[in-house]
Amino acid sequence: MCGIVGYMGKQQAFPILIKGLQRLEYRGYDSAGVALVNENGDLNVYKTKGKVSDLENFCADKDITGTVGIAHTRWATHGEPSKRNAHPHYSQSKNIALIHNGIIENYLTIKKFLISKGYTFQSETDTEVLCQLIEYMMQEHNLTLYDAVYQALKQVTGAYSIGVIERNNPNTIITSKMSSPLVIGVGREEFLLGSDASAIIEFTKNVIYPKDGQVIRIERGKEIEICCLEDREQKIKPEIQQIQLSLEDIEKGGFDHFMLKEIFEQPKSLSLCMNGRLQREKKEIILNGIQEYGDVFAKARRIIISACGTSWHAGLIGKYLFEALCRIPVEVEVASEFRYRNPVIYPDDVFIAISQSGETADTLAAMELAKKQGAFIYGICNVVGSSVARLTDSGTYTHAGPEIGVASTKAFTTQVCVLVMMALSLAKQLKTIKDEDYHRIVTELCNIEAKIEKIFEKKDEIKEMSKIFTYARNFLYLGRGYNYPVAMEGALKLKEISYIHAEGYPAAEMKHGPIALIDEEMPIVVVAPHYHLYNKILSNVQEVKARKGRIIAIVTEGDTEIKKQTDYYIEIPKTEECLSPILSVIPLQLLSYYIAVAKGRDVDKPRNLAKSVTVE
Ligand code: M6R
């Protein structure tokens, strides 16, 4: 759950590495470091606790020359965030430097072995162990760096993407991956490494996506050499592909934060998500995954949806959709629980994994478990070619575009949109929806982007409102039906970027406990658009009001009843009930964003979090 970058070419490596790290900071930002081989063959490693900008300042008076280097931005797993635990790690002789994203699971056993051979360790990390093991292989067996990395990786279990360089060798970088992302950029007389394409896109669009278990030698002036851990003799021909991203896609474009940019991008990302799938003229949905595998869904005993965080909230909405529209029973599981619960999985289950990054370790493990037990695996994911995408039997990309802000926004609305398209298209095949209902909902889906734009007109109102609530230490979010998961999502957004404690609850469940929390200090966000449970949620609002809670209601335009009961309200346009989460979540995203900004929080890099949670 860290970001790695590497460079070898004609230019000075340092500024390129720093740029790459800045683009990868969403993956972790508790410490950062860089290693460079200068023209005298010195291997200089500089590290700091803190962000990439701290590293840049720290290096201001250092020797940062060199046309080959590796760099890292960290999210701590083994060992606290500190300078000594930051990467790159030196080997004992300081001849090798290594960066790593992932976890070496058997590092304690290897460490014990190396200690018995006289090695000492400077950090508490699993990574340093791998670096020392490579040196041990080189010294003990008289191997080249490439062969030593190969032999060391044969000994380790776990997940990794790594970059390794050595003193007196400004012409070589060795890299490899296993269950962690890695991309190699191939420019004109230069090579780059990155945890993802955003780190290198400024320099080249020609890339190689190495596969798990491949060990790669990048050598100045030579062809890239790839061999396999499974079979040293098997040589792989590098396959160069073109990155589809543009630089504009990954820059802030005038917004103060990526999160704000991504909130405002939602009409566009939803258009891209529906492009070629929603036939606006004919009012039809053609979704390849469902066209092709509709019969598998039709015969399914049930659907299991599994995911984490925001993607799990989208999955909860999926339950309402598939059950209401397709009449298929659905279970929704937090992936980290599912994977260790010894769940009952039938070969005629359809298992849907939802993940923005496609790299979330718990979601991947849940998928593997379901796959092993014979379920049909369907993926909903944003990052093309990610691990989730590769594990599936079929699936649908959300096409939300790169999401950099740690707090998910456009990922959520596009995931819900995919679930809506899946449920509608399946319901049509299964004939569990009347034609007029299908066409009415599809027609509404065609208007969804414009309706989000209307909510954006309220942004100043929401910003003003947010200032009133910065005092709060706790928030309660309530919703019912399709909008109960939206309440949970609103609470998660507030927690992660403002550090205000918040809980999302089914509105009617409040009286079974959380109602005790309500007093005149307590803000309660009620997601209450006008649908079939309107009168019920109105009663819940009255219950809160009677206890003097400060209500912020999300209501449908033209609402009269709930508005009368509430101190603050935000109107959203009317739409079909099953589409309402796509609209009702928008004011909640804006509210949490503006509260966090008013509290001076680092919105794009909230403390303790990372964008992709590639560890369990
Ligand atoms: O990449 P994924 O969708 O699998 O990520 C799952 C969660 O880690 C993610 O949604 C997380 O909860 C976000 N920070 C929420 O904003």
# chains A, B, ... in the order shown; residues from 1 in each chain; ligands from 1
>>> residues_near_ligand(ligand="ligand 1", cutoff="9 Å", atoms="only C-alpha atoms and all ligand atoms", output="ChimeraX atom specification")
/A:307-313,353-364,381-383,388,405-409,411-412,489,492-493,496-497,609-614
>>> residues_around(residues="segment 577-587 of chain A", least_positions_apart="6", cutoff="8 Å", atoms="only C-alpha atoms", output="PyMOL selection string")
chain A and resi 263+321+413+416-417+420+445+448+451-452+455+462+482-483+486+489-490+527+529+531+554+570
>>> residues_around(residues="Glu571 of chain A", least_positions_apart="2", cutoff="6 Å", atoms="only C-alpha atoms", output="list of chain:residue names")
A:Ile554, A:Val555, A:Thr556, A:Glu557
>>> atom_distance(atom1="atom CA of Leu153 of chain A", atom2="atom CA of Thr120 of chain A")
20.1 Å
>>> closest_residue(among="A:Gln12, A:Gln139, A:Gln429, A:Thr157", to="Phe297 of chain A", atoms="only C-alpha atoms")
A:Gln429
>>> residues_around(residues="segment 91-103 of chain A", least_positions_apart="4", cutoff="8 Å", atoms="only C-alpha atoms", output="ChimeraX atom specification")
/A:1-4,35,43,45,70-72,77,87,119-121,126-128,131-132,135,158-167,180,614-615
>>> residues_around(residues="Glu337 of chain A", least_positions_apart="4", cutoff="9 Å", atoms="only C-alpha atoms", output="compact mmCIF listing (two decimals) with N, CA, C and O atoms, in the first residue's frame")
# COMPACT_ATOMS: atom_id res chain seq x y z
N GLU A 333 -21.66 -8.81 1.63
CA GLU A 333 -20.70 -9.17 2.66
C GLU A 333 -19.50 -8.23 2.63
O GLU A 333 -18.93 -7.98 1.56
N ARG A 341 -14.78 -16.39 7.15
CA ARG A 341 -15.97 -16.85 7.86
C ARG A 341 -16.33 -18.29 7.50
O ARG A 341 -17.31 -18.81 7.96
N ASP A 362 -8.53 -7.60 0.68
CA ASP A 362 -9.63 -8.39 1.24
C ASP A 362 -10.63 -8.78 0.15
O ASP A 362 -11.14 -9.91 0.13
N ALA A 366 -11.57 -12.59 -0.98
CA ALA A 366 -12.96 -13.07 -1.00
C ALA A 366 -13.30 -13.65 -2.37
O ALA A 366 -13.94 -14.71 -2.49
>>> residues_around(residues="Tyr397 of chain A", least_positions_apart="4", cutoff="9 Å", atoms="only C-alpha atoms", output="ChimeraX atom specification")
/A:273,379-384,389,415,418
>>> closest_residue(among="A:Gly69, A:Gly315, A:Gly33, A:Gly28", to="Tyr7 of chain A", atoms="only C-alpha atoms")
A:Gly69
>>> residues_around(residues="segment 194-210 of chain A", least_positions_apart="4", cutoff="6 Å", atoms="only C-alpha atoms", output="PyMOL selection string")
chain A and resi 3-5+20+23+181-187+239-243
>>> write_last_selection(atoms="N, CA, C and O atoms", output="PDB file, in the first residue's frame")
ATOM      1  N   GLY A   3       3.633   3.708  -2.784  1.00  0.00           N
ATOM      2  CA  GLY A   3       3.859   4.024  -4.190  1.00  0.00           C
ATOM      3  C   GLY A   3       5.326   3.858  -4.518  1.00  0.00           C
ATOM      4  O   GLY A   3       6.191   4.278  -3.742  1.00  0.00           O
ATOM      5  N   ILE A   4       5.624   3.227  -5.649  1.00  0.00           N
ATOM      6  CA  ILE A   4       7.024   3.109  -6.053  1.00  0.00           C
ATOM      7  C   ILE A   4       7.225   3.763  -7.426  1.00  0.00           C
ATOM      8  O   ILE A   4       6.337   3.733  -8.279  1.00  0.00           O
ATOM      9  N   VAL A   5       8.408   4.334  -7.596  1.00  0.00           N
ATOM     10  CA  VAL A   5       8.773   4.972  -8.863  1.00  0.00           C
ATOM     11  C   VAL A   5      10.240   4.650  -9.150  1.00  0.00           C
ATOM     12  O   VAL A   5      11.033   4.476  -8.219  1.00  0.00           O
ATOM     13  N   GLY A  20       6.734  11.735  -9.880  1.00  0.00           N
ATOM     14  CA  GLY A  20       6.043  10.438  -9.829  1.00  0.00           C
ATOM     15  C   GLY A  20       5.495  10.164  -8.434  1.00  0.00           C
ATOM     16  O   GLY A  20       4.351   9.733  -8.272  1.00  0.00           O
ATOM     17  N   ARG A  23       2.388  12.050  -7.647  1.00  0.00           N
ATOM     18  CA  ARG A  23       1.183  11.469  -8.263  1.00  0.00           C
ATOM     19  C   ARG A  23       0.728  10.202  -7.545  1.00  0.00           C
ATOM     20  O   ARG A  23      -0.402   9.788  -7.661  1.00  0.00           O
ATOM     21  N   PRO A 181       0.643  -3.914  -7.802  1.00  0.00           N
ATOM     22  CA  PRO A 181       0.682  -3.341  -9.153  1.00  0.00           C
ATOM     23  C   PRO A 181       2.060  -2.789  -9.555  1.00  0.00           C
ATOM     24  O   PRO A 181       2.804  -2.294  -8.716  1.00  0.00           O
ATOM     25  N   LEU A 182       2.343  -2.895 -10.847  1.00  0.00           N
ATOM     26  CA  LEU A 182       3.616  -2.403 -11.387  1.00  0.00           C
ATOM     27  C   LEU A 182       3.444  -2.117 -12.875  1.00  0.00           C
ATOM     28  O   LEU A 182       2.841  -2.902 -13.600  1.00  0.00           O
ATOM     29  N   VAL A 183       3.971  -0.961 -13.278  1.00  0.00           N
ATOM     30  CA  VAL A 183       3.984  -0.664 -14.710  1.00  0.00           C
ATOM     31  C   VAL A 183       5.383  -0.162 -15.069  1.00  0.00           C
ATOM     32  O   VAL A 183       6.031   0.524 -14.278  1.00  0.00           O
ATOM     33  N   ILE A 184       5.864  -0.553 -16.244  1.00  0.00           N
ATOM     34  CA  ILE A 184       7.181  -0.097 -16.709  1.00  0.00           C
ATOM     35  C   ILE A 184       6.955   0.789 -17.926  1.00  0.00           C
ATOM     36  O   ILE A 184       6.275   0.381 -18.881  1.00  0.00           O
ATOM     37  N   GLY A 185       7.502   2.003 -17.881  1.00  0.00           N
ATOM     38  CA  GLY A 185       7.388   2.910 -19.024  1.00  0.00           C
ATOM     39  C   GLY A 185       8.619   2.778 -19.909  1.00  0.00           C
ATOM     40  O   GLY A 185       9.744   2.706 -19.402  1.00  0.00           O
ATOM     41  N   VAL A 186       8.382   2.769 -21.211  1.00  0.00           N
ATOM     42  CA  VAL A 186       9.499   2.639 -22.147  1.00  0.00           C
ATOM     43  C   VAL A 186       9.525   3.899 -23.010  1.00  0.00           C
ATOM     44  O   VAL A 186       8.716   4.063 -23.920  1.00  0.00           O
ATOM     45  N   GLY A 187      10.441   4.825 -22.670  1.00  0.00           N
ATOM     46  CA  GLY A 187      10.536   6.069 -23.430  1.00  0.00           C
ATOM     47  C   GLY A 187      11.676   5.996 -24.429  1.00  0.00           C
ATOM     48  O   GLY A 187      12.187   4.907 -24.724  1.00  0.00           O
ATOM     49  N   GLU A 239       5.743  -7.014 -23.892  1.00  0.00           N
ATOM     50  CA  GLU A 239       4.635  -6.598 -24.769  1.00  0.00           C
ATOM     51  C   GLU A 239       4.308  -5.141 -24.448  1.00  0.00           C
ATOM     52  O   GLU A 239       3.832  -4.829 -23.359  1.00  0.00           O
ATOM     53  N   ILE A 240       4.593  -4.258 -25.400  1.00  0.00           N
ATOM     54  CA  ILE A 240       4.398  -2.826 -25.127  1.00  0.00           C
ATOM     55  C   ILE A 240       2.971  -2.415 -25.506  1.00  0.00           C
ATOM     56  O   ILE A 240       2.488  -2.712 -26.586  1.00  0.00           O
ATOM     57  N   GLN A 241       2.316  -1.730 -24.560  1.00  0.00           N
ATOM     58  CA  GLN A 241       0.961  -1.251 -24.792  1.00  0.00           C
ATOM     59  C   GLN A 241       0.931   0.263 -24.648  1.00  0.00           C
ATOM     60  O   GLN A 241       1.850   0.855 -24.108  1.00  0.00           O
ATOM     61  N   GLN A 242      -0.166   0.863 -25.082  1.00  0.00           N
ATOM     62  CA  GLN A 242      -0.336   2.321 -24.969  1.00  0.00           C
ATOM     63  C   GLN A 242      -1.223   2.656 -23.775  1.00  0.00           C
ATOM     64  O   GLN A 242      -2.303   2.071 -23.631  1.00  0.00           O
ATOM     65  N   ILE A 243      -0.799   3.613 -22.935  1.00  0.00           N
ATOM     66  CA  ILE A 243      -1.669   4.049 -21.830  1.00  0.00           C
ATOM     67  C   ILE A 243      -2.811   4.870 -22.416  1.00  0.00           C
ATOM     68  O   ILE A 243      -2.593   5.726 -23.276  1.00  0.00           O
TER      69      ILE A 243
END
>>> select_by_dssp(residues="segment 114-347 of chain A", states="strand (DSSP E or B)", output="NGL selection string")
:A and (158-166 or 169-179 or 183-186 or 191-194 or 206-208 or 214-219 or 225-228 or 235-236 or 241-242 or 278-279 or 284-285 or 302-307 or 330-334)
>>> select_by_dssp(residues="segment 9-71 of chain A", states="helix (DSSP H, G or I)", output="VMD selection string")
chain A and resid 13 to 27 52 to 61
>>> closest_residue(among="A:Thr414, A:Thr443, A:Asn40, A:Ser498", to="Pro267 of chain A", atoms="only C-alpha atoms")
A:Thr414
>>> closest_residue(among="A:Tyr136, A:Lys463, A:Ile500, A:His78", to="Ser116 of chain A", atoms="only C-alpha atoms")
A:Tyr136
>>> atom_distance(atom1="atom CA of Ala32 of chain A", atom2="atom CA of Met178 of chain A")
22.1 Å
